[in-house]
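J.: Supplied structure: start.pdb, PDB, C-alpha atoms and all ligand atoms.
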ATOM      1  CA  MET A  28       7.689  23.013 -72.823  1.00  0.00           C
ATOM      2  CA  THR A  29       8.472  26.353 -74.552  1.00  0.00           C
ATOM      3  CA  PRO A  30       8.026  26.215 -78.336  1.00  0.00           C
ATOM      4  CA  ARG A  31      11.194  26.169 -80.414  1.00  0.00           C
ATOM      5  CA  ARG A  32      12.265  29.573 -81.732  1.00  0.00           C
ATOM      6  CA  CYS A  33      12.142  29.819 -85.505  1.00  0.00           C
ATOM      7  CA  VAL A  34      15.038  31.239 -87.521  1.00  0.00           C
ATOM      8  CA  ALA A  35      14.884  31.954 -91.256  1.00  0.00           C
ATOM      9  CA  VAL A  36      18.071  31.579 -93.286  1.00  0.00           C
ATOM     10  CA  LEU A  37      17.645  33.362 -96.614  1.00  0.00           C
ATOM     11  CA  GLY A  38      20.038  33.474 -99.538  1.00  0.00           C
ATOM     12  CA  GLY A  39      20.114  35.854-102.482  1.00  0.00           C
ATOM     13  CA  PRO A  40      21.209  35.532-106.102  1.00  0.00           C
ATOM     14  CA  ASN A  41      23.692  32.910-107.271  1.00  0.00           C
ATOM     15  CA  LEU A  42      24.006  31.218-103.884  1.00  0.00           C
ATOM     16  CA  GLY A  43      22.113  28.268-105.356  1.00  0.00           C
ATOM     17  CA  ARG A  44      25.249  27.766-107.475  1.00  0.00           C
ATOM     18  CA  LEU A  45      27.528  27.264-104.492  1.00  0.00           C
ATOM     19  CA  GLY A  46      29.896  24.368-105.033  1.00  0.00           C
ATOM     20  CA  GLN A  47      30.347  25.156-108.733  1.00  0.00           C
ATOM     21  CA  ARG A  48      30.497  28.946-108.475  1.00  0.00           C
ATOM     22  CA  GLN A  49      34.063  30.313-108.147  1.00  0.00           C
ATOM     23  CA  PRO A  50      35.109  27.485-105.782  1.00  0.00           C
ATOM     24  CA  GLU A  51      38.428  29.250-105.156  1.00  0.00           C
ATOM     25  CA  LEU A  52      36.378  31.958-103.389  1.00  0.00           C
ATOM     26  CA  TYR A  53      33.264  30.216-102.143  1.00  0.00           C
ATOM     27  CA  GLY A  54      34.528  26.663-101.620  1.00  0.00           C
ATOM     28  CA  THR A  55      32.965  23.380-102.691  1.00  0.00           C
ATOM     29  CA  VAL A  56      30.066  23.100-100.249  1.00  0.00           C
ATOM     30  CA  THR A  57      26.780  23.284-102.185  1.00  0.00           C
ATOM     31  CA  TRP A  58      23.691  25.218-101.075  1.00  0.00           C
ATOM     32  CA  GLU A  59      21.986  21.855-100.454  1.00  0.00           C
ATOM     33  CA  ASP A  60      24.928  20.724 -98.257  1.00  0.00           C
ATOM     34  CA  LEU A  61      24.691  24.003 -96.395  1.00  0.00           C
ATOM     35  CA  GLU A  62      20.980  23.479 -95.835  1.00  0.00           C
ATOM     36  CA  SER A  63      21.625  20.011 -94.307  1.00  0.00           C
ATOM     37  CA  ARG A  64      24.379  21.406 -92.096  1.00  0.00           C
ATOM     38  CA  CYS A  65      22.186  24.301 -90.955  1.00  0.00           C
ATOM     39  CA  HIS A  66      19.356  21.904 -90.070  1.00  0.00           C
ATOM     40  CA  ALA A  67      21.763  19.847 -87.921  1.00  0.00           C
ATOM     41  CA  TRP A  68      23.235  22.953 -86.239  1.00  0.00           C
ATOM     42  CA  ALA A  69      19.760  24.425 -85.654  1.00  0.00           C
ATOM     43  CA  ASP A  70      18.570  21.126 -84.122  1.00  0.00           C
ATOM     44  CA  ASP A  71      21.556  21.123 -81.747  1.00  0.00           C
ATOM     45  CA  LEU A  72      20.648  24.669 -80.698  1.00  0.00           C
ATOM     46  CA  GLY A  73      16.965  23.835 -80.267  1.00  0.00           C
ATOM     47  CA  LEU A  74      15.957  26.133 -83.145  1.00  0.00           C
ATOM     48  CA  LYS A  75      13.383  25.535 -85.859  1.00  0.00           C
ATOM     49  CA  LEU A  76      14.833  26.427 -89.283  1.00  0.00           C
ATOM     50  CA  LYS A  77      13.352  27.819 -92.484  1.00  0.00           C
ATOM     51  CA  PHE A  78      15.912  27.781 -95.271  1.00  0.00           C
ATOM     52  CA  ALA A  79      15.405  29.294 -98.720  1.00  0.00           C
ATOM     53  CA  GLN A  80      17.211  30.919-101.631  1.00  0.00           C
ATOM     54  CA  THR A  81      16.104  33.019-104.567  1.00  0.00           C
ATOM     55  CA  ASP A  82      17.756  34.765-107.490  1.00  0.00           C
ATOM     56  CA  SER A  83      14.973  37.341-107.689  1.00  0.00           C
ATOM     57  CA  GLU A  84      15.018  40.668-105.851  1.00  0.00           C
ATOM     58  CA  GLY A  85      11.219  40.868-105.504  1.00  0.00           C
ATOM     59  CA  GLU A  86      11.028  37.307-104.202  1.00  0.00           C
ATOM     60  CA  LEU A  87      13.768  38.048-101.666  1.00  0.00           C
ATOM     61  CA  VAL A  88      11.778  41.075-100.468  1.00  0.00           C
ATOM     62  CA  ARG A  89       8.685  38.839-100.152  1.00  0.00           C
ATOM     63  CA  MET A  90      10.643  36.194 -98.237  1.00  0.00           C
ATOM     64  CA  ILE A  91      12.039  38.840 -95.851  1.00  0.00           C
ATOM     65  CA  HIS A  92       8.488  40.075 -95.147  1.00  0.00           C
ATOM     66  CA  GLU A  93       7.358  36.489 -94.544  1.00  0.00           C
ATOM     67  CA  ALA A  94      10.281  35.863 -92.175  1.00  0.00           C
ATOM     68  CA  GLY A  95       9.235  38.970 -90.261  1.00  0.00           C
ATOM     69  CA  SER A  96       5.757  37.595 -89.678  1.00  0.00           C
ATOM     70  CA  THR A  97       6.566  33.896 -89.167  1.00  0.00           C
ATOM     71  CA  CYS A  98      10.047  33.745 -87.565  1.00  0.00           C
ATOM     72  CA  ASP A  99      11.830  35.048 -84.485  1.00  0.00           C
ATOM     73  CA  GLY A 100      15.107  35.867 -86.236  1.00  0.00           C
ATOM     74  CA  LEU A 101      16.597  36.202 -89.723  1.00  0.00           C
ATOM     75  CA  ILE A 102      20.032  35.271 -91.044  1.00  0.00           C
ATOM     76  CA  LEU A 103      20.380  36.998 -94.399  1.00  0.00           C
ATOM     77  CA  ASN A 104      22.975  36.557 -97.118  1.00  0.00           C
ATOM     78  CA  ALA A 105      21.531  38.948 -99.675  1.00  0.00           C
ATOM     79  CA  ALA A 106      24.567  38.260-101.907  1.00  0.00           C
ATOM     80  CA  ALA A 107      24.906  40.896-104.671  1.00  0.00           C
ATOM     81  CA  TYR A 108      21.711  42.687-103.546  1.00  0.00           C
ATOM     82  CA  THR A 109      23.654  43.718-100.434  1.00  0.00           C
ATOM     83  CA  HIS A 110      25.489  46.181-102.636  1.00  0.00           C
ATOM     84  CA  THR A 111      22.647  47.362-104.861  1.00  0.00           C
ATOM     85  CA  SER A 112      19.168  46.931-103.427  1.00  0.00           C
ATOM     86  CA  VAL A 113      17.303  49.722-101.665  1.00  0.00           C
ATOM     87  CA  ALA A 114      14.258  47.399-101.812  1.00  0.00           C
ATOM     88  CA  VAL A 115      16.035  44.708 -99.743  1.00  0.00           C
ATOM     89  CA  ARG A 116      17.250  47.355 -97.290  1.00  0.00           C
ATOM     90  CA  ASP A 117      13.708  48.737 -96.967  1.00  0.00           C
ATOM     91  CA  ALA A 118      12.353  45.215 -96.423  1.00  0.00           C
ATOM     92  CA  VAL A 119      14.854  44.676 -93.580  1.00  0.00           C
ATOM     93  CA  LEU A 120      13.731  48.002 -92.109  1.00  0.00           C
ATOM     94  CA  THR A 121      10.153  46.684 -91.837  1.00  0.00           C
ATOM     95  CA  LEU A 122      11.279  43.880 -89.487  1.00  0.00           C
ATOM     96  CA  GLU A 123      10.957  43.807 -85.732  1.00  0.00           C
ATOM     97  CA  ILE A 124      13.104  40.683 -85.307  1.00  0.00           C
ATOM     98  CA  PRO A 125      16.923  40.494 -85.057  1.00  0.00           C
ATOM     99  CA  VAL A 126      18.706  40.239 -88.402  1.00  0.00           C
ATOM    100  CA  LEU A 127      22.217  38.849 -88.833  1.00  0.00           C
ATOM    101  CA  GLU A 128      23.895  39.746 -92.120  1.00  0.00           C
ATOM    102  CA  LEU A 129      26.120  36.967 -93.398  1.00  0.00           C
ATOM    103  CA  HIS A 130      28.649  36.660 -96.207  1.00  0.00           C
ATOM    104  CA  LEU A 131      30.783  33.623 -96.962  1.00  0.00           C
ATOM    105  CA  THR A 132      33.600  35.902 -98.109  1.00  0.00           C
ATOM    106  CA  ASN A 133      34.571  39.294 -96.723  1.00  0.00           C
ATOM    107  CA  PRO A 134      33.141  41.672 -99.347  1.00  0.00           C
ATOM    108  CA  ALA A 135      35.137  44.634 -97.986  1.00  0.00           C
ATOM    109  CA  ALA A 136      38.368  42.791 -98.839  1.00  0.00           C
ATOM    110  CA  ARG A 137      37.307  42.238-102.481  1.00  0.00           C
ATOM    111  CA  GLU A 138      36.480  44.587-105.379  1.00  0.00           C
ATOM    112  CA  PRO A 139      35.806  48.226-104.381  1.00  0.00           C
ATOM    113  CA  PHE A 140      32.130  48.064-105.463  1.00  0.00           C
ATOM    114  CA  ARG A 141      31.520  45.412-102.773  1.00  0.00           C
ATOM    115  CA  ARG A 142      32.438  47.964-100.091  1.00  0.00           C
ATOM    116  CA  ARG A 143      29.112  49.643-100.728  1.00  0.00           C
ATOM    117  CA  ASN A 144      26.838  47.872 -98.290  1.00  0.00           C
ATOM    118  CA  LEU A 145      23.200  48.956 -98.004  1.00  0.00           C
ATOM    119  CA  LEU A 146      22.458  46.605 -95.117  1.00  0.00           C
ATOM    120  CA  GLN A 147      25.201  46.966 -92.540  1.00  0.00           C
ATOM    121  CA  ASP A 148      23.642  49.924 -90.713  1.00  0.00           C
ATOM    122  CA  VAL A 149      20.172  48.368 -90.544  1.00  0.00           C
ATOM    123  CA  VAL A 150      21.050  44.868 -89.294  1.00  0.00           C
ATOM    124  CA  THR A 151      21.714  43.682 -85.744  1.00  0.00           C
ATOM    125  CA  ALA A 152      25.153  42.194 -86.468  1.00  0.00           C
ATOM    126  CA  GLY A 153      27.224  40.647 -89.227  1.00  0.00           C
ATOM    127  CA  ILE A 154      29.478  37.661 -89.918  1.00  0.00           C
ATOM    128  CA  PHE A 155      31.813  37.902 -92.904  1.00  0.00           C
ATOM    129  CA  GLY A 156      34.564  35.775 -94.364  1.00  0.00           C
ATOM    130  CA  CYS A 157      34.137  32.555 -92.369  1.00  0.00           C
ATOM    131  CA  GLY A 158      32.812  30.431 -95.261  1.00  0.00           C
ATOM    132  CA  PRO A 159      30.084  27.860 -94.449  1.00  0.00           C
ATOM    133  CA  GLU A 160      31.224  27.891 -90.806  1.00  0.00           C
ATOM    134  CA  GLY A 161      29.787  31.411 -90.674  1.00  0.00           C
ATOM    135  CA  TYR A 162      26.306  29.865 -90.769  1.00  0.00           C
ATOM    136  CA  ARG A 163      27.050  27.848 -87.621  1.00  0.00           C
ATOM    137  CA  LEU A 164      28.364  30.995 -85.924  1.00  0.00           C
ATOM    138  CA  ALA A 165      25.296  32.959 -87.066  1.00  0.00           C
ATOM    139  CA  LEU A 166      22.911  30.308 -85.726  1.00  0.00           C
ATOM    140  CA  MET A 167      24.780  30.299 -82.411  1.00  0.00           C
ATOM    141  CA  GLY A 168      24.674  34.110 -82.298  1.00  0.00           C
ATOM    142  CA  MET A 169      20.974  34.124 -83.132  1.00  0.00           C
ATOM    143  CA  ALA A 170      20.234  31.494 -80.458  1.00  0.00           C
ATOM    144  CA  GLY A 171      22.002  33.749 -77.963  1.00  0.00           C
ATOM    145  CA  LEU A 172      20.128  36.846 -79.110  1.00  0.00           C
ATOM    146  CA  LEU A 173      16.783  35.043 -78.904  1.00  0.00           C
ATOM    147  CA  SER A 174      17.472  33.682 -75.444  1.00  0.00           C
ATOM    148  CA  GLY A 175      18.571  37.113 -74.254  1.00  0.00           C
ATOM    149  CA  SER A 176      22.030  35.856 -73.297  1.00  0.00           C
ATOM    150  CA  ASN A 177      24.023  38.176 -75.622  1.00  0.00           C
TER     151      ASN A 177
HETATM  152  C1  LIG A 201      28.506  37.091-100.936  1.00  0.00           C
HETATM  153  C2  LIG A 201      29.374  38.328-101.242  1.00  0.00           C
HETATM  154  C3  LIG A 201      28.710  39.207-102.280  1.00  0.00           C
HETATM  155  O1  LIG A 201      29.539  40.326-102.563  1.00  0.00           O
HETATM  156  C4  LIG A 201      28.505  38.426-103.556  1.00  0.00           C
HETATM  157  O2  LIG A 201      27.810  39.215-104.512  1.00  0.00           O
HETATM  158  C5  LIG A 201      27.829  37.120-103.352  1.00  0.00           C
HETATM  159  C6  LIG A 201      28.202  36.309-102.205  1.00  0.00           C
HETATM  160  C7  LIG A 201      29.197  36.132 -99.951  1.00  0.00           C
HETATM  161  O3  LIG A 201      28.501  35.317 -99.369  1.00  0.00           O
HETATM  162  O4  LIG A 201      30.415  36.180 -99.807  1.00  0.00           O
HETATM  163  O5  LIG A 201      27.042  36.671-104.179  1.00  0.00           O
HETATM  164  O6  LIG A 201      27.309  37.523-100.339  1.00  0.00           O
END
Show this structure as structure tokens.

T.:
Amino acid sequence: MTPRRCVAVLGGPNLGRLGQRQPELYGTVTWEDLESRCHAWADDLGLKLKFAQTDSEGELVRMIHEAGSTCDGLILNAAAYTHTSVAVRDAVLTLEIPVLELHLTNPAAREPFRRRNLLQDVVTAGIFGCGPEGYRLALMGMAGLLSGSN
């Protein structure tokens, strides 16, 4: 039997506050709910999942490096660091695995400063504005990329 492909799902600052954080924008699903859903979706797709969140830029960089050496794909919601962090961009550039950028909202349709995106030209693809469902779509997309069917 072929071993299950491993996908890391990493979240940046303030995503741990999902559910209470601006629910009119981000909805009422908590980060813990999202983790359970992602585990179920990953199981259905035959993927092994690593799921983690941090508020710290340096820790996110470390987790991206770790994903690059331990996983076959990365789904990254870098949250506010998407718009500010050269360090997160540089960490993504060290990777040799596919990276899907994900945002619950569509940052380009929000405040002008969110249109600055330091990741979009260094990732494989992106999913924006689909809420928690975006994670299911990202896992499906990643499963396709990893099986070579995309
Ligand atoms: C976000 C969008 C970012 O602009 C914002 O800073 C976040 C969440 C999203 O998932 O919609 O923290 O990444």

J.: Find the nearest atom pair between each residue of chain A and ligand LIG 201 (chain A) for residues within 10 Å, count only C-alpha atoms and all ligand atoms, give distances in Å to one decimal, sort rows by chain and ascending number, and present the table as a tab-separated table.

T.:
residue	atom	partner	partner_atom	distance
A:Gly38	CA	A:LIG201	O6	8.4
A:Gly39	CA	A:LIG201	O5	7.2
A:Pro40	CA	A:LIG201	O5	6.2
A:Asn41	CA	A:LIG201	O5	5.9
A:Leu42	CA	A:LIG201	O5	6.2
A:Gly43	CA	A:LIG201	O5	9.8
A:Arg44	CA	A:LIG201	O5	9.7
A:Leu45	CA	A:LIG201	C6	9.4
A:Arg48	CA	A:LIG201	O5	9.5
A:Leu52	CA	A:LIG201	O4	8.1
A:Tyr53	CA	A:LIG201	O4	7.0
A:Leu103	CA	A:LIG201	O6	9.1
A:Asn104	CA	A:LIG201	O6	5.5
A:Ala105	CA	A:LIG201	O6	6.0
A:Ala106	CA	A:LIG201	O6	3.2
A:Ala107	CA	A:LIG201	O2	3.4
A:Tyr108	CA	A:LIG201	O2	7.1
A:Thr109	CA	A:LIG201	C3	7.0
A:His110	CA	A:LIG201	O1	7.1
A:Thr111	CA	A:LIG201	O2	9.7
A:Glu128	CA	A:LIG201	O6	9.2
A:Leu129	CA	A:LIG201	O3	6.6
A:His130	CA	A:LIG201	O3	3.4
A:Leu131	CA	A:LIG201	O3	3.7
A:Thr132	CA	A:LIG201	O4	3.6
A:Asn133	CA	A:LIG201	O4	6.0
A:Pro134	CA	A:LIG201	O1	5.0
A:Ala135	CA	A:LIG201	O1	8.4
A:Ala136	CA	A:LIG201	O1	9.9
A:Arg137	CA	A:LIG201	O1	8.0
A:Glu138	CA	A:LIG201	O1	8.6
A:Phe140	CA	A:LIG201	O1	8.7
A:Arg141	CA	A:LIG201	O1	5.5
A:Arg142	CA	A:LIG201	O1	8.5
A:Arg143	CA	A:LIG201	O1	9.5
A:Asn144	CA	A:LIG201	O1	9.1
A:Ile154	CA	A:LIG201	O3	9.8
A:Phe155	CA	A:LIG201	O4	7.3
A:Gly156	CA	A:LIG201	O4	6.9
A:Cys157	CA	A:LIG201	O4	9.1
A:Gly158	CA	A:LIG201	O3	7.7
A:Pro159	CA	A:LIG201	O3	9.1
A:Gly161	CA	A:LIG201	O3	9.6

J.: Using the chain letters and numbering of this document, enumerate as a short mmCIF file (atom, residue, chain, number, x, y, z; two decimals) with C-alpha atoms, in the frame of the given file the residues selected by the PyMOL selection byres (((chain A and resi 31) around 7) and not hetatm).

T.:
data_model
loop_
_atom_site.label_atom_id
_atom_site.label_comp_id
_atom_site.auth_asym_id
_atom_site.auth_seq_id
_atom_site.Cartn_x
_atom_site.Cartn_y
_atom_site.Cartn_z
CA THR A 29 8.47 26.35 -74.55
CA PRO A 30 8.03 26.22 -78.34
CA ARG A 32 12.26 29.57 -81.73
CA CYS A 33 12.14 29.82 -85.50
CA GLY A 73 16.96 23.84 -80.27
CA LEU A 74 15.96 26.13 -83.14
CA LYS A 75 13.38 25.54 -85.86
#

J.: Just checking: using all atoms listed in the file, which residue out of A:Glu160, A:Asp70, A:Asp148, A:Glu59 ends up closest to Val119 of chain A?

T.: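 Once distances to Val119 of chain A are computed over all atoms listed in the file, the minimum belongs to A:Asp148.
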
J.: Between atom CA of Arg116 of chain A and atom CA of Leu145 of chain A, what is the spacing in Å?

T.: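 Calculated distance between atom CA of Leu145 of chain A and atom CA of Arg116 of chain A is 6.2 Å.
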
J.: Quick one: 5 Å padding each side, axis-aligned, all listed atoms of segment 61-72 of chain A - centre and edge lengths in Å to one decimal, as AutoDock Vina command-line options?

T.:
--center_x 21.6 --center_y 22.3 --center_z -88.5 --size_x 16.1 --size_y 14.8 --size_z 25.7

J.: Between atom CA of Glu86 of chain A and atom CA of Val34 of chain A, what is the distance, to one decimal in Å?

T.: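 That distance, rounded to one decimal, is 18.2 Å.
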
J.: Could you tell me how far atom CA of Val149 of chain A sits from atom CA of Pro125 of chain A, in Å to one decimal place?

T.: 10.1 Å

J.: Check the smallest atom-to-atom distance from each of A:Val56, A:Ile91, A:Ile102, A:Val36 to Gly153 of chain A using all atoms listed in the file, then report the winner.

T.: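 Comparing A:Val56, A:Ile91, A:Ile102, A:Val36 against Gly153 of chain A, the winner is A:Ile102.
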
J.: Can you translate the PyMOL selection byres (((chain A and resi 77) around 6) and not hetatm) into the concrete residues it hits in this file, as a list in words?

T.: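 Applying the PyMOL selection byres (((chain A and resi 77) around 6) and not hetatm) to the structure shown produces Ala35, Leu76 and Phe78 of chain A.
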
J.: Run the PyMOL selection byres (((chain A and resi 168-174) around 8) and not hetatm) mentally over the shown coordinates, then write out the matched residues as a list in words, using the chain letters and numbers from the document.

T.: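 So the PyMOL selection byres (((chain A and resi 168-174) around 8) and not hetatm) ends up selecting Arg32, Val34, Leu72, Leu74, Asp99, Gly100, Pro125, Leu127, Leu164, Ala165, Leu166, Met167, Gly175, Ser176 and Asn177 of chain A.
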
J.: Between A:Tyr162, A:Gly85, A:Val126, A:Gln47, single out the one closest to Ser63 of chain A, counting all atoms listed in the file.

T.: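 Answer, going by the shortest atom-to-atom distance: A:Tyr162.
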
J.: As a JSON list (two decimals), in the coordinates of the input, could you write out segment 149-163 of chain A once it has been completed with N, CA, C and O atoms?

T.:
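Output contents, as saved in rebuild.json:
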[["chain", "number", "residue", "atom", "x", "y", "z"],
["A", 149, "VAL", "N", 21.56, 48.66, -90.93],
["A", 149, "VAL", "CA", 20.17, 48.37, -90.54],
["A", 149, "VAL", "C", 20.01, 46.94, -90.00],
["A", 149, "VAL", "O", 18.89, 46.50, -89.74],
["A", 150, "VAL", "N", 21.12, 46.22, -89.85],
["A", 150, "VAL", "CA", 21.05, 44.87, -89.29],
["A", 150, "VAL", "C", 21.56, 44.88, -87.85],
["A", 150, "VAL", "O", 22.17, 45.85, -87.41],
["A", 151, "THR", "N", 21.30, 43.78, -87.14],
["A", 151, "THR", "CA", 21.71, 43.68, -85.74],
["A", 151, "THR", "C", 23.22, 43.42, -85.63],
["A", 151, "THR", "O", 23.90, 43.98, -84.77],
["A", 152, "ALA", "N", 23.73, 42.56, -86.51],
["A", 152, "ALA", "CA", 25.15, 42.19, -86.47],
["A", 152, "ALA", "C", 25.50, 41.51, -87.79],
["A", 152, "ALA", "O", 24.62, 41.23, -88.61],
["A", 153, "GLY", "N", 26.80, 41.27, -87.97],
["A", 153, "GLY", "CA", 27.22, 40.65, -89.23],
["A", 153, "GLY", "C", 28.34, 39.65, -89.03],
["A", 153, "GLY", "O", 29.13, 39.76, -88.08],
["A", 154, "ILE", "N", 28.39, 38.65, -89.92],
["A", 154, "ILE", "CA", 29.48, 37.66, -89.92],
["A", 154, "ILE", "C", 29.98, 37.55, -91.35],
["A", 154, "ILE", "O", 29.21, 37.22, -92.26],
["A", 155, "PHE", "N", 31.25, 37.87, -91.56],
["A", 155, "PHE", "CA", 31.81, 37.90, -92.90],
["A", 155, "PHE", "C", 33.08, 37.07, -92.97],
["A", 155, "PHE", "O", 33.90, 37.12, -92.04],
["A", 156, "GLY", "N", 33.26, 36.36, -94.07],
["A", 156, "GLY", "CA", 34.56, 35.78, -94.36],
["A", 156, "GLY", "C", 34.86, 34.47, -93.66],
["A", 156, "GLY", "O", 36.01, 34.03, -93.68],
["A", 157, "CYS", "N", 33.89, 33.83, -93.08],
["A", 157, "CYS", "CA", 34.14, 32.56, -92.37],
["A", 157, "CYS", "C", 33.69, 31.35, -93.19],
["A", 157, "CYS", "O", 33.68, 30.22, -92.67],
["A", 158, "GLY", "N", 33.28, 31.55, -94.45],
["A", 158, "GLY", "CA", 32.81, 30.43, -95.26],
["A", 158, "GLY", "C", 31.56, 29.81, -94.65],
["A", 158, "GLY", "O", 30.85, 30.46, -93.87],
["A", 159, "PRO", "N", 31.28, 28.53, -94.96],
["A", 159, "PRO", "CA", 30.08, 27.86, -94.45],
["A", 159, "PRO", "C", 30.01, 27.86, -92.92],
["A", 159, "PRO", "O", 28.92, 27.89, -92.33],
["A", 160, "GLU", "N", 31.17, 27.85, -92.27],
["A", 160, "GLU", "CA", 31.22, 27.89, -90.81],
["A", 160, "GLU", "C", 30.50, 29.13, -90.27],
["A", 160, "GLU", "O", 29.98, 29.12, -89.15],
["A", 161, "GLY", "N", 30.47, 30.18, -91.08],
["A", 161, "GLY", "CA", 29.79, 31.41, -90.67],
["A", 161, "GLY", "C", 28.32, 31.15, -90.35],
["A", 161, "GLY", "O", 27.74, 31.82, -89.49],
["A", 162, "TYR", "N", 27.72, 30.16, -91.04],
["A", 162, "TYR", "CA", 26.31, 29.86, -90.77],
["A", 162, "TYR", "C", 26.14, 29.25, -89.38],
["A", 162, "TYR", "O", 25.15, 29.50, -88.69],
["A", 163, "ARG", "N", 27.11, 28.42, -88.97],
["A", 163, "ARG", "CA", 27.05, 27.85, -87.62],
["A", 163, "ARG", "C", 27.18, 28.98, -86.59],
["A", 163, "ARG", "O", 26.43, 29.05, -85.61]]
